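Participant: As input, take my_file-v9.pdb (PDB, C-alpha atoms, pLDDT in the B column):
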ATOM      1  CA  MET A  29      -2.150   7.577  -8.958  1.00 63.00           C
ATOM      2  CA  HIS A  30       0.854   9.019 -10.753  1.00 81.00           C
ATOM      3  CA  ASP A  31       0.311  12.459  -9.210  1.00 92.00           C
ATOM      4  CA  VAL A  32       0.269  10.971  -5.718  1.00 96.00           C
ATOM      5  CA  PHE A  33       3.554   9.166  -6.392  1.00 95.00           C
ATOM      6  CA  LYS A  34       5.107  12.374  -7.747  1.00 95.00           C
ATOM      7  CA  ASP A  35       4.117  14.167  -4.545  1.00 96.00           C
ATOM      8  CA  PHE A  36       5.622  11.335  -2.497  1.00 97.00           C
ATOM      9  CA  LEU A  37       8.891  11.512  -4.461  1.00 96.00           C
ATOM     10  CA  HIS A  38       9.100  15.293  -4.151  1.00 96.00           C
ATOM     11  CA  ARG A  39       8.662  15.176  -0.389  1.00 96.00           C
ATOM     12  CA  VAL A  40      11.064  12.291   0.124  1.00 96.00           C
ATOM     13  CA  ASN A  41      13.749  13.906  -2.037  1.00 95.00           C
ATOM     14  CA  ASP A  42      13.465  17.052   0.079  1.00 95.00           C
ATOM     15  CA  ILE A  43      14.623  15.042   3.114  1.00 94.00           C
ATOM     16  CA  PRO A  44      18.430  15.195   3.486  1.00 93.00           C
ATOM     17  CA  HIS A  45      19.977  11.711   3.330  1.00 93.00           C
ATOM     18  CA  ALA A  46      16.545  10.070   3.286  1.00 95.00           C
ATOM     19  CA  LYS A  47      16.399   6.356   4.021  1.00 97.00           C
ATOM     20  CA  VAL A  48      13.806   4.674   1.799  1.00 97.00           C
ATOM     21  CA  LEU A  49      12.447   1.137   1.867  1.00 98.00           C
ATOM     22  CA  GLU A  50      10.682  -0.370  -1.154  1.00 98.00           C
ATOM     23  CA  VAL A  51       8.556  -3.378  -0.229  1.00 98.00           C
ATOM     24  CA  GLY A  52       8.294  -5.587  -3.300  1.00 95.00           C
ATOM     25  CA  SER A  53      11.336  -4.252  -5.125  1.00 95.00           C
ATOM     26  CA  ARG A  54      12.247  -7.240  -7.314  1.00 94.00           C
ATOM     27  CA  ASP A  55      12.410  -6.451 -11.021  1.00 90.00           C
ATOM     28  CA  VAL A  56       9.597  -8.499 -12.556  1.00 86.00           C
ATOM     29  CA  SER A  57       8.494  -6.101 -15.321  1.00 84.00           C
ATOM     30  CA  GLY A  58      11.590  -4.073 -16.180  1.00 87.00           C
ATOM     31  CA  ILE A  59      10.624  -1.233 -13.818  1.00 88.00           C
ATOM     32  CA  ILE A  60      13.149  -0.248 -11.135  1.00 92.00           C
ATOM     33  CA  ARG A  61      12.287   2.799  -9.025  1.00 93.00           C
ATOM     34  CA  LYS A  62      15.551   3.266  -7.128  1.00 94.00           C
ATOM     35  CA  ALA A  63      16.724   5.966  -9.562  1.00 91.00           C
ATOM     36  CA  HIS A  64      13.756   8.168  -8.583  1.00 93.00           C
ATOM     37  CA  PHE A  65      15.426   8.941  -5.275  1.00 93.00           C
ATOM     38  CA  CYS A  66      18.215  11.530  -4.980  1.00 88.00           C
ATOM     39  CA  ASN A  67      19.965   9.580  -2.250  1.00 80.00           C
ATOM     40  CA  GLY A  68      20.384   6.246  -4.002  1.00 77.00           C
ATOM     41  CA  ASN A  69      22.603   5.020  -1.179  1.00 85.00           C
ATOM     42  CA  GLY A  70      19.685   5.429   1.218  1.00 95.00           C
ATOM     43  CA  TYR A  71      17.465   3.073  -0.782  1.00 96.00           C
ATOM     44  CA  THR A  72      16.813  -0.504   0.352  1.00 97.00           C
ATOM     45  CA  GLY A  73      14.993  -2.975  -1.867  1.00 97.00           C
ATOM     46  CA  PHE A  74      13.035  -5.653   0.019  1.00 97.00           C
ATOM     47  CA  ASP A  75      11.269  -8.646  -1.511  1.00 95.00           C
ATOM     48  CA  PHE A  76       9.982 -12.122  -0.711  1.00 93.00           C
ATOM     49  CA  HIS A  77      12.298 -13.575  -3.368  1.00 92.00           C
ATOM     50  CA  ALA A  78      15.899 -12.805  -4.246  1.00 94.00           C
ATOM     51  CA  GLY A  79      16.503 -11.114  -7.584  1.00 93.00           C
ATOM     52  CA  LYS A  80      17.542  -7.974  -9.381  1.00 95.00           C
ATOM     53  CA  ASN A  81      17.100  -4.842  -7.235  1.00 95.00           C
ATOM     54  CA  VAL A  82      16.625  -6.833  -4.016  1.00 96.00           C
ATOM     55  CA  ASP A  83      18.908  -5.977  -1.088  1.00 97.00           C
ATOM     56  CA  VAL A  84      17.081  -7.859   1.661  1.00 97.00           C
ATOM     57  CA  VAL A  85      14.955 -10.997   1.250  1.00 96.00           C
ATOM     58  CA  GLY A  86      12.115 -11.455   3.718  1.00 94.00           C
ATOM     59  CA  ASP A  87       8.413 -11.357   4.525  1.00 94.00           C
ATOM     60  CA  ALA A  88       6.588  -8.001   4.541  1.00 94.00           C
ATOM     61  CA  HIS A  89       4.438  -9.260   7.413  1.00 92.00           C
ATOM     62  CA  GLU A  90       7.585  -9.321   9.595  1.00 93.00           C
ATOM     63  CA  LEU A  91       9.557  -6.196   8.635  1.00 95.00           C
ATOM     64  CA  SER A  92      10.664  -5.519  12.200  1.00 94.00           C
ATOM     65  CA  ARG A  93      12.575  -8.826  12.156  1.00 94.00           C
ATOM     66  CA  TYR A  94      14.837  -7.447   9.421  1.00 97.00           C
ATOM     67  CA  PHE A  95      15.066  -3.745  10.299  1.00 98.00           C
ATOM     68  CA  GLU A  96      15.366  -1.725  13.490  1.00 96.00           C
ATOM     69  CA  ARG A  97      12.455   0.339  14.738  1.00 95.00           C
ATOM     70  CA  ASP A  98      12.204   3.879  13.337  1.00 96.00           C
ATOM     71  CA  SER A  99      14.731   3.084  10.591  1.00 96.00           C
ATOM     72  CA  PHE A 100      13.213   4.685   7.483  1.00 98.00           C
ATOM     73  CA  ASP A 101      12.065   8.130   6.451  1.00 97.00           C
ATOM     74  CA  ALA A 102       9.779   6.617   3.820  1.00 98.00           C
ATOM     75  CA  ILE A 103       8.343   3.285   2.719  1.00 98.00           C
ATOM     76  CA  PHE A 104       6.635   2.544  -0.563  1.00 98.00           C
ATOM     77  CA  SER A 105       5.016  -0.423  -2.236  1.00 98.00           C
ATOM     78  CA  VAL A 106       3.652  -0.781  -5.782  1.00 96.00           C
ATOM     79  CA  SER A 107       1.368  -3.648  -6.843  1.00 95.00           C
ATOM     80  CA  VAL A 108       2.193  -5.681  -3.753  1.00 94.00           C
ATOM     81  CA  PHE A 109      -0.666  -5.283  -1.280  1.00 96.00           C
ATOM     82  CA  GLU A 110      -3.008  -7.489  -3.286  1.00 95.00           C
ATOM     83  CA  HIS A 111      -0.490 -10.307  -2.748  1.00 92.00           C
ATOM     84  CA  LEU A 112      -0.188  -9.930   1.037  1.00 92.00           C
ATOM     85  CA  ALA A 113      -2.131 -12.561   2.948  1.00 91.00           C
ATOM     86  CA  MET A 114      -2.625 -10.168   5.890  1.00 91.00           C
ATOM     87  CA  PRO A 115      -2.196  -6.551   4.737  1.00 94.00           C
ATOM     88  CA  TRP A 116      -3.332  -5.282   8.141  1.00 94.00           C
ATOM     89  CA  LYS A 117      -0.297  -6.962   9.703  1.00 92.00           C
ATOM     90  CA  ALA A 118       2.035  -5.493   7.061  1.00 94.00           C
ATOM     91  CA  VAL A 119       0.706  -2.000   7.874  1.00 97.00           C
ATOM     92  CA  ILE A 120       1.608  -2.451  11.548  1.00 95.00           C
ATOM     93  CA  GLU A 121       5.094  -3.632  10.594  1.00 94.00           C
ATOM     94  CA  MET A 122       5.536  -0.620   8.304  1.00 97.00           C
ATOM     95  CA  ASN A 123       4.628   1.635  11.209  1.00 97.00           C
ATOM     96  CA  ARG A 124       7.245  -0.036  13.374  1.00 96.00           C
ATOM     97  CA  VAL A 125      10.149   0.533  10.993  1.00 97.00           C
ATOM     98  CA  LEU A 126       9.082   4.043   9.890  1.00 98.00           C
ATOM     99  CA  LYS A 127      10.451   7.056  11.713  1.00 98.00           C
ATOM    100  CA  PRO A 128       7.932   9.376  13.423  1.00 97.00           C
ATOM    101  CA  GLY A 129       6.510  11.618  10.713  1.00 97.00           C
ATOM    102  CA  GLY A 130       7.686   9.176   8.033  1.00 98.00           C
ATOM    103  CA  LEU A 131       5.823   8.821   4.750  1.00 98.00           C
ATOM    104  CA  LEU A 132       4.077   5.738   3.389  1.00 98.00           C
ATOM    105  CA  PHE A 133       3.012   5.308  -0.248  1.00 98.00           C
ATOM    106  CA  ILE A 134       0.994   2.308  -1.419  1.00 98.00           C
ATOM    107  CA  ALA A 135      -0.275   1.657  -4.946  1.00 97.00           C
ATOM    108  CA  THR A 136      -2.430  -1.372  -5.711  1.00 97.00           C
ATOM    109  CA  HIS A 137      -5.633  -2.294  -7.543  1.00 96.00           C
ATOM    110  CA  PRO A 138      -9.383  -1.830  -7.034  1.00 94.00           C
ATOM    111  CA  CYS A 139      -9.972  -3.958 -10.138  1.00 93.00           C
ATOM    112  CA  TRP A 140      -7.489  -6.228 -11.921  1.00 92.00           C
ATOM    113  CA  PRO A 141      -7.401  -9.762 -13.322  1.00 91.00           C
ATOM    114  CA  GLY A 142      -6.000 -12.461 -11.086  1.00 90.00           C
ATOM    115  CA  HIS A 143      -2.211 -12.745 -11.283  1.00 89.00           C
ATOM    116  CA  GLU A 144       0.766 -14.273  -9.466  1.00 86.00           C
ATOM    117  CA  GLN A 145      -1.561 -17.108  -8.536  1.00 85.00           C
ATOM    118  CA  PRO A 146      -2.277 -18.522  -6.060  1.00 87.00           C
ATOM    119  CA  TRP A 147      -1.029 -15.567  -3.987  1.00 86.00           C
ATOM    120  CA  ASP A 148      -3.527 -12.988  -5.186  1.00 91.00           C
ATOM    121  CA  PHE A 149      -5.807 -12.215  -2.248  1.00 92.00           C
ATOM    122  CA  TRP A 150      -7.306  -8.715  -2.248  1.00 95.00           C
ATOM    123  CA  ARG A 151      -8.632  -5.708  -4.169  1.00 96.00           C
ATOM    124  CA  PHE A 152      -8.717  -2.259  -2.513  1.00 97.00           C
ATOM    125  CA  GLN A 153     -11.033   0.757  -2.518  1.00 95.00           C
ATOM    126  CA  VAL A 154     -10.604   4.193  -0.923  1.00 95.00           C
ATOM    127  CA  GLU A 155     -12.567   2.986   2.093  1.00 94.00           C
ATOM    128  CA  SER A 156     -10.204   0.004   2.430  1.00 96.00           C
ATOM    129  CA  PHE A 157      -7.329   2.325   3.233  1.00 97.00           C
ATOM    130  CA  LYS A 158      -9.367   4.311   5.734  1.00 95.00           C
ATOM    131  CA  VAL A 159      -9.673   1.054   7.672  1.00 94.00           C
ATOM    132  CA  LEU A 160      -5.997   0.108   7.287  1.00 96.00           C
ATOM    133  CA  LEU A 161      -4.396   3.533   7.809  1.00 97.00           C
ATOM    134  CA  ASN A 162      -5.883   5.466  10.726  1.00 94.00           C
ATOM    135  CA  SER A 163      -5.192   6.627  14.274  1.00 92.00           C
ATOM    136  CA  LYS A 164      -5.383   3.055  15.581  1.00 91.00           C
ATOM    137  CA  THR A 165      -2.617   1.894  13.243  1.00 94.00           C
ATOM    138  CA  GLY A 166      -0.620   5.110  13.734  1.00 96.00           C
ATOM    139  CA  PHE A 167      -1.235   6.756  10.364  1.00 97.00           C
ATOM    140  CA  GLN A 168      -2.955   9.767   8.882  1.00 97.00           C
ATOM    141  CA  ILE A 169      -4.021   9.616   5.234  1.00 98.00           C
ATOM    142  CA  GLU A 170      -3.048  12.707   3.241  1.00 98.00           C
ATOM    143  CA  GLN A 171      -4.150  11.598  -0.235  1.00 97.00           C
ATOM    144  CA  CYS A 172      -6.024   8.598  -1.604  1.00 97.00           C
ATOM    145  CA  LEU A 173      -7.006   8.536  -5.267  1.00 95.00           C
ATOM    146  CA  GLU A 174      -8.247   5.995  -7.783  1.00 95.00           C
ATOM    147  CA  GLY A 175      -6.994   6.187 -11.351  1.00 94.00           C
ATOM    148  CA  VAL A 176      -6.583   4.421 -14.698  1.00 94.00           C
ATOM    149  CA  PRO A 177     -10.292   4.225 -15.568  1.00 93.00           C
ATOM    150  CA  GLY A 178     -11.697   1.172 -17.282  1.00 93.00           C
ATOM    151  CA  LYS A 179     -14.885  -0.807 -17.855  1.00 92.00           C
ATOM    152  CA  ILE A 180     -16.104  -4.209 -16.728  1.00 90.00           C
ATOM    153  CA  VAL A 181     -17.588  -5.993 -19.710  1.00 90.00           C
ATOM    154  CA  PRO A 182     -19.628  -9.105 -18.821  1.00 89.00           C
ATOM    155  CA  LEU A 183     -19.393 -11.875 -21.402  1.00 89.00           C
ATOM    156  CA  VAL A 184     -22.598 -13.578 -20.267  1.00 89.00           C
ATOM    157  CA  GLU A 185     -26.236 -12.524 -20.360  1.00 86.00           C
ATOM    158  CA  ASP A 186     -27.261 -12.424 -16.749  1.00 88.00           C
ATOM    159  CA  MET A 187     -29.546  -9.978 -14.972  1.00 87.00           C
ATOM    160  CA  ALA A 188     -27.105  -9.592 -12.085  1.00 87.00           C
ATOM    161  CA  VAL A 189     -24.261  -8.304 -14.272  1.00 89.00           C
ATOM    162  CA  LYS A 190     -25.888  -6.721 -17.307  1.00 87.00           C
ATOM    163  CA  THR A 191     -25.529  -3.141 -15.991  1.00 89.00           C
ATOM    164  CA  LEU A 192     -21.879  -3.440 -14.913  1.00 88.00           C
ATOM    165  CA  ILE A 193     -20.603  -1.867 -18.131  1.00 89.00           C
ATOM    166  CA  GLN A 194     -22.402   1.338 -17.132  1.00 88.00           C
ATOM    167  CA  CYS A 195     -20.431   1.607 -13.888  1.00 89.00           C
ATOM    168  CA  ASP A 196     -17.100   3.348 -13.396  1.00 89.00           C
ATOM    169  CA  ALA A 197     -14.169   1.062 -12.700  1.00 92.00           C
ATOM    170  CA  PHE A 198     -10.566   1.861 -11.848  1.00 94.00           C
ATOM    171  CA  LEU A 199      -7.488  -0.285 -12.282  1.00 95.00           C
ATOM    172  CA  SER A 200      -5.251   1.546  -9.802  1.00 96.00           C
ATOM    173  CA  ILE A 201      -5.420   3.233  -6.437  1.00 97.00           C
ATOM    174  CA  ALA A 202      -2.715   5.148  -4.584  1.00 97.00           C
ATOM    175  CA  VAL A 203      -2.549   6.331  -0.996  1.00 98.00           C
ATOM    176  CA  LEU A 204      -0.061   8.637   0.727  1.00 98.00           C
ATOM    177  CA  ALA A 205      -0.041   8.598   4.516  1.00 98.00           C
ATOM    178  CA  LYS A 206       2.108   9.907   7.350  1.00 98.00           C
ATOM    179  CA  LYS A 207       3.095   8.107  10.535  1.00 98.00           C
ATOM    180  CA  VAL A 208       1.608  10.116  13.390  1.00 98.00           C
ATOM    181  CA  SER A 209       2.164   7.714  16.290  1.00 96.00           C
ATOM    182  CA  ASN A 210       3.667   4.404  17.268  1.00 95.00           C
ATOM    183  CA  VAL A 211       1.438   1.378  17.536  1.00 90.00           C
ATOM    184  CA  GLU A 212       0.969   0.132  21.074  1.00 78.00           C
ATOM    185  CA  GLU A 213       2.518  -3.242  21.875  1.00 76.00           C
ATOM    186  CA  PRO A 214       1.121  -5.737  21.262  1.00 78.00           C
ATOM    187  CA  PHE A 215      -1.357  -4.641  18.626  1.00 82.00           C
ATOM    188  CA  LEU A 216      -4.174  -7.204  18.487  1.00 79.00           C
ATOM    189  CA  TRP A 217      -6.880  -5.428  16.450  1.00 77.00           C
ATOM    190  CA  ASP A 218      -9.104  -5.879  19.502  1.00 76.00           C
ATOM    191  CA  PHE A 219     -11.360  -2.924  18.787  1.00 73.00           C
ATOM    192  CA  SER A 220     -14.733  -2.521  17.118  1.00 79.00           C
ATOM    193  CA  PRO A 221     -14.785  -1.554  13.433  1.00 75.00           C
ATOM    194  CA  ARG A 222     -17.193   1.214  14.475  1.00 77.00           C
ATOM    195  CA  GLU A 223     -14.252   2.978  16.130  1.00 82.00           C
ATOM    196  CA  ILE A 224     -12.546   3.590  12.783  1.00 78.00           C
ATOM    197  CA  MET A 225     -15.331   3.456  10.181  1.00 79.00           C
ATOM    198  CA  GLN A 226     -16.173   6.862   8.729  1.00 80.00           C
ATOM    199  CA  THR A 227     -19.179   5.630   6.752  1.00 79.00           C
ATOM    200  CA  GLN A 228     -22.170   3.340   7.230  1.00 77.00           C
ATOM    201  CA  TYR A 229     -23.393   0.318   5.313  1.00 69.00           C
ATOM    202  CA  PRO A 230     -25.980   1.462   2.743  1.00 75.00           C
ATOM    203  CA  THR A 231     -29.555   1.585   4.017  1.00 74.00           C
ATOM    204  CA  PRO A 232     -31.772  -0.904   2.142  1.00 66.00           C
ATOM    205  CA  LYS A 233     -33.958   0.813  -0.428  1.00 65.00           C
TER     206      LYS A 233
END
Spit out the file's structure as C-alpha cells when you get a sec.

Facilitator:
Amino acid sequence: MHDVFKDFLHRVNDIPHAKVLEVGSRDVSGIIRKAHFCNGNGYTGFDFHAGKNVDVVGDAHELSRYFERDSFDAIFSVSVFEHLAMPWKAVIEMNRVLKPGGLLFIATHPCWPGHEQPWDFWRFQVESFKVLLNSKTGFQIEQCLEGVPGKIVPLVEDMAVKTLIQCDAFLSIAVLAKKVSNVEEPFLWDFSPREIMQTQYPTPK
C-alpha cells in the first residue's frame, strides 16, 4: 500500500501547480498528508465534518455540488471508502471533478474491525476495485495491491471457521487509477455486471 502511495505522490508532485483534493481530510488520528505535496497551496481538504485540515465541508457522494467539473489533477482518499454508503456514486463524482488524465488514489481495508459506527459499511478486495474503477466509470486501474498482512483468529470452536487462521488476510488495500474518459450523463449503472467483470464465480467442486 505504501509503495502505491509513494508512486502517487511522485507523479502528482511532478505536475506543475497540481491541484489536489483529499476526500476525508479531517485530522482524527494525528496524520495530516497536506505536507506531502510540493504545491501546498493547491491542496484542498474535504470532509463530512468541520475540523482541523478541512477546507470544505460536504458529502463525498455529491462532490460536483462543491467543485467545478475537471477541477483537480489528483484526488486521494485514505480509510474513507468503507464509510461511504454508496461508494459507486462517490467514484462517479470523483470522475466529474477530476481533470482528464487525472490520478485517483484510494486506500481502504479488506479486513478491519468495525469502527466509526454505525457508518461502517464495506470491506474491499482487488476485485472490488475492478468493478468500481473501469471503462464504464471512466477509469483505468494502474496498480492495486493488498498489504499489511494479518491473521483471522476465531475464538470459537466451529467447523465453519476453524481453518480461517490458515488463510492469508490483509488489513489494507491501495489502488491507483487514471481518469481516461468522462462519465456519460446521467450515469445510472444500467448495465449488466457481465460487461465489467473480468472473472467468474467459482465453479462448484

Participant: Identify all residues satisfying the PyMOL selection byres ((chain A and resi 94-97) around 12) in the given file; provide them as a VMD selection string.

Facilitator: chain A and resid 47 49 72 74 to 75 83 to 93 98 to 101 120 to 128 210 to 211

Participant: Which residues fall under the PyMOL selection byres ((chain A and resi 109-118) around 10) in this file, as a PyMOL selection string?

Facilitator: chain A and resi 51-52+87-91+105-108+119-124+134-138+140+142-152+157+159-161+165+215-217

Participant: Run the PyMOL selection byres ((chain A and resi 63) around 12) on the file and write out the hits as an NGL selection string.

Facilitator: :A and (37 or 41 or 48 or 59-62 or 64-73 or 81)

Participant: Given the selection you just returned, output its residues as a file containing C-alpha atoms, formatted as a PDB file, in the frame of the given file.

Facilitator:
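Listing of part08.pdb after writing:
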ATOM      1  CA  LEU A  37       8.891  11.512  -4.461  1.00 96.00           C
ATOM      2  CA  ASN A  41      13.749  13.906  -2.037  1.00 95.00           C
ATOM      3  CA  VAL A  48      13.806   4.674   1.799  1.00 97.00           C
ATOM      4  CA  ILE A  59      10.624  -1.233 -13.818  1.00 88.00           C
ATOM      5  CA  ILE A  60      13.149  -0.248 -11.135  1.00 92.00           C
ATOM      6  CA  ARG A  61      12.287   2.799  -9.025  1.00 93.00           C
ATOM      7  CA  LYS A  62      15.551   3.266  -7.128  1.00 94.00           C
ATOM      8  CA  HIS A  64      13.756   8.168  -8.583  1.00 93.00           C
ATOM      9  CA  PHE A  65      15.426   8.941  -5.275  1.00 93.00           C
ATOM     10  CA  CYS A  66      18.215  11.530  -4.980  1.00 88.00           C
ATOM     11  CA  ASN A  67      19.965   9.580  -2.250  1.00 80.00           C
ATOM     12  CA  GLY A  68      20.384   6.246  -4.002  1.00 77.00           C
ATOM     13  CA  ASN A  69      22.603   5.020  -1.179  1.00 85.00           C
ATOM     14  CA  GLY A  70      19.685   5.429   1.218  1.00 95.00           C
ATOM     15  CA  TYR A  71      17.465   3.073  -0.782  1.00 96.00           C
ATOM     16  CA  THR A  72      16.813  -0.504   0.352  1.00 97.00           C
ATOM     17  CA  GLY A  73      14.993  -2.975  -1.867  1.00 97.00           C
ATOM     18  CA  ASN A  81      17.100  -4.842  -7.235  1.00 95.00           C
TER      19      ASN A  81
END

Participant: Any idea what's packed within 10 Å of Thr227 (chain A), counting all atoms listed in the file, ignoring anything in its chain fewer than 4 positions away? Could you give it as a list in words?

Facilitator: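 Neighbouring residues, sequence-local ones excluded: Glu155, Lys158 and Arg222 of chain A.
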
Participant: Which one is closest to Leu173 (chain A): A:Ser200, A:Thr231, A:Gln194, A:Ser53? Count only C-alpha atoms.

Facilitator: A:Ser200

Participant: Between A:Val208, A:Val40, A:Cys139, A:Lys80, single out the one closest to Gly58 (chain A), counting all atoms listed in the file.

Facilitator: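 Answer, going by the shortest atom-to-atom distance: A:Lys80.
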
Participant: Considering all atoms listed in the file, state which residue in the set A:His30, A:Asp218, A:His45, A:Asn162 is at the smallest distance from Gly175 (chain A).

Facilitator: A:His30

Participant: In Å, rounded to a single decimal, give me how far CA of Pro221 (chain A) is from CA of Gln168 (chain A).

Facilitator: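 CA of Pro221 (chain A) lies at a distance of 17.0 Å from CA of Gln168 (chain A).
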
Participant: What gap, in Å, lies between CA of Glu223 (chain A) and CA of Lys207 (chain A)?

Facilitator: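 Computed distance, CA of Glu223 (chain A) to CA of Lys207 (chain A), equals 18.9 Å.
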
Participant: For Ala46 (chain A), which of A:Gly79, A:Gly130, A:Pro177, A:Pro230 is the closest residue, counting only C-alpha atoms?

Facilitator: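 That would be A:Gly130, the residue with the smallest distance to Ala46 (chain A).
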
Participant: Could you write region 174-196 of chain A as a PDB file, keeping the file's coordinate frame, with N, CA and C atoms rebuilt where they are missing?

Facilitator:
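Okay, this is what ended up in result.pdb:
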ATOM      1  N   GLU A 174      -8.155   7.047  -6.783  1.00 95.00           N
ATOM      2  CA  GLU A 174      -8.247   5.995  -7.783  1.00 95.00           C
ATOM      3  C   GLU A 174      -7.885   6.575  -9.142  1.00 95.00           C
ATOM      4  N   GLY A 175      -7.364   5.726 -10.017  1.00 94.00           N
ATOM      5  CA  GLY A 175      -6.994   6.187 -11.351  1.00 94.00           C
ATOM      6  C   GLY A 175      -6.973   5.043 -12.348  1.00 94.00           C
ATOM      7  N   VAL A 176      -6.583   5.349 -13.571  1.00 94.00           N
ATOM      8  CA  VAL A 176      -6.583   4.421 -14.698  1.00 94.00           C
ATOM      9  C   VAL A 176      -7.991   3.850 -14.890  1.00 94.00           C
ATOM     10  N   PRO A 177      -8.901   4.670 -15.402  1.00 93.00           N
ATOM     11  CA  PRO A 177     -10.292   4.225 -15.568  1.00 93.00           C
ATOM     12  C   PRO A 177     -10.432   3.108 -16.585  1.00 93.00           C
ATOM     13  N   GLY A 178     -11.424   2.270 -16.365  1.00 93.00           N
ATOM     14  CA  GLY A 178     -11.697   1.172 -17.282  1.00 93.00           C
ATOM     15  C   GLY A 178     -13.170   0.799 -17.214  1.00 93.00           C
ATOM     16  N   LYS A 179     -13.519  -0.294 -17.854  1.00 92.00           N
ATOM     17  CA  LYS A 179     -14.885  -0.807 -17.855  1.00 92.00           C
ATOM     18  C   LYS A 179     -14.870  -2.311 -17.600  1.00 92.00           C
ATOM     19  N   ILE A 180     -15.902  -2.781 -16.910  1.00 90.00           N
ATOM     20  CA  ILE A 180     -16.104  -4.209 -16.728  1.00 90.00           C
ATOM     21  C   ILE A 180     -17.127  -4.661 -17.754  1.00 90.00           C
ATOM     22  N   VAL A 181     -16.722  -5.549 -18.618  1.00 90.00           N
ATOM     23  CA  VAL A 181     -17.588  -5.993 -19.710  1.00 90.00           C
ATOM     24  C   VAL A 181     -17.981  -7.453 -19.489  1.00 90.00           C
ATOM     25  N   PRO A 182     -19.206  -7.718 -19.012  1.00 89.00           N
ATOM     26  CA  PRO A 182     -19.628  -9.105 -18.821  1.00 89.00           C
ATOM     27  C   PRO A 182     -19.730  -9.836 -20.163  1.00 89.00           C
ATOM     28  N   LEU A 183     -19.328 -11.073 -20.182  1.00 89.00           N
ATOM     29  CA  LEU A 183     -19.393 -11.875 -21.402  1.00 89.00           C
ATOM     30  C   LEU A 183     -20.518 -12.899 -21.345  1.00 89.00           C
ATOM     31  N   VAL A 184     -21.424 -12.710 -20.382  1.00 89.00           N
ATOM     32  CA  VAL A 184     -22.598 -13.578 -20.267  1.00 89.00           C
ATOM     33  C   VAL A 184     -23.830 -12.693 -20.139  1.00 89.00           C
ATOM     34  N   GLU A 185     -24.973 -13.243 -20.519  1.00 86.00           N
ATOM     35  CA  GLU A 185     -26.236 -12.524 -20.360  1.00 86.00           C
ATOM     36  C   GLU A 185     -26.866 -12.973 -19.055  1.00 86.00           C
ATOM     37  N   ASP A 186     -26.762 -12.105 -18.088  1.00 88.00           N
ATOM     38  CA  ASP A 186     -27.261 -12.424 -16.749  1.00 88.00           C
ATOM     39  C   ASP A 186     -27.769 -11.135 -16.128  1.00 88.00           C
ATOM     40  N   MET A 187     -28.938 -11.178 -15.539  1.00 87.00           N
ATOM     41  CA  MET A 187     -29.546  -9.978 -14.972  1.00 87.00           C
ATOM     42  C   MET A 187     -28.654  -9.323 -13.926  1.00 87.00           C
ATOM     43  N   ALA A 188     -27.906 -10.128 -13.185  1.00 87.00           N
ATOM     44  CA  ALA A 188     -27.105  -9.592 -12.085  1.00 87.00           C
ATOM     45  C   ALA A 188     -25.920  -8.766 -12.564  1.00 87.00           C
ATOM     46  N   VAL A 189     -25.476  -8.981 -13.806  1.00 89.00           N
ATOM     47  CA  VAL A 189     -24.261  -8.304 -14.272  1.00 89.00           C
ATOM     48  C   VAL A 189     -24.483  -7.430 -15.497  1.00 89.00           C
ATOM     49  N   LYS A 190     -25.675  -7.387 -16.019  1.00 87.00           N
ATOM     50  CA  LYS A 190     -25.888  -6.721 -17.307  1.00 87.00           C
ATOM     51  C   LYS A 190     -25.636  -5.216 -17.270  1.00 87.00           C
ATOM     52  N   THR A 191     -25.739  -4.592 -16.075  1.00 89.00           N
ATOM     53  CA  THR A 191     -25.529  -3.141 -15.991  1.00 89.00           C
ATOM     54  C   THR A 191     -24.105  -2.768 -15.573  1.00 89.00           C
ATOM     55  N   LEU A 192     -23.230  -3.748 -15.387  1.00 88.00           N
ATOM     56  CA  LEU A 192     -21.879  -3.440 -14.913  1.00 88.00           C
ATOM     57  C   LEU A 192     -21.117  -2.529 -15.859  1.00 88.00           C
ATOM     58  N   ILE A 193     -21.343  -2.674 -17.157  1.00 89.00           N
ATOM     59  CA  ILE A 193     -20.603  -1.867 -18.131  1.00 89.00           C
ATOM     60  C   ILE A 193     -20.931  -0.384 -17.993  1.00 89.00           C
ATOM     61  N   GLN A 194     -22.030  -0.064 -17.336  1.00 88.00           N
ATOM     62  CA  GLN A 194     -22.402   1.338 -17.132  1.00 88.00           C
ATOM     63  C   GLN A 194     -21.686   1.953 -15.927  1.00 88.00           C
ATOM     64  N   CYS A 195     -21.057   1.126 -15.123  1.00 89.00           N
ATOM     65  CA  CYS A 195     -20.431   1.607 -13.888  1.00 89.00           C
ATOM     66  C   CYS A 195     -18.976   2.001 -14.126  1.00 89.00           C
ATOM     67  N   ASP A 196     -18.513   2.979 -13.349  1.00 89.00           N
ATOM     68  CA  ASP A 196     -17.100   3.348 -13.396  1.00 89.00           C
ATOM     69  C   ASP A 196     -16.268   2.266 -12.725  1.00 89.00           C
TER      70      ASP A 196
END
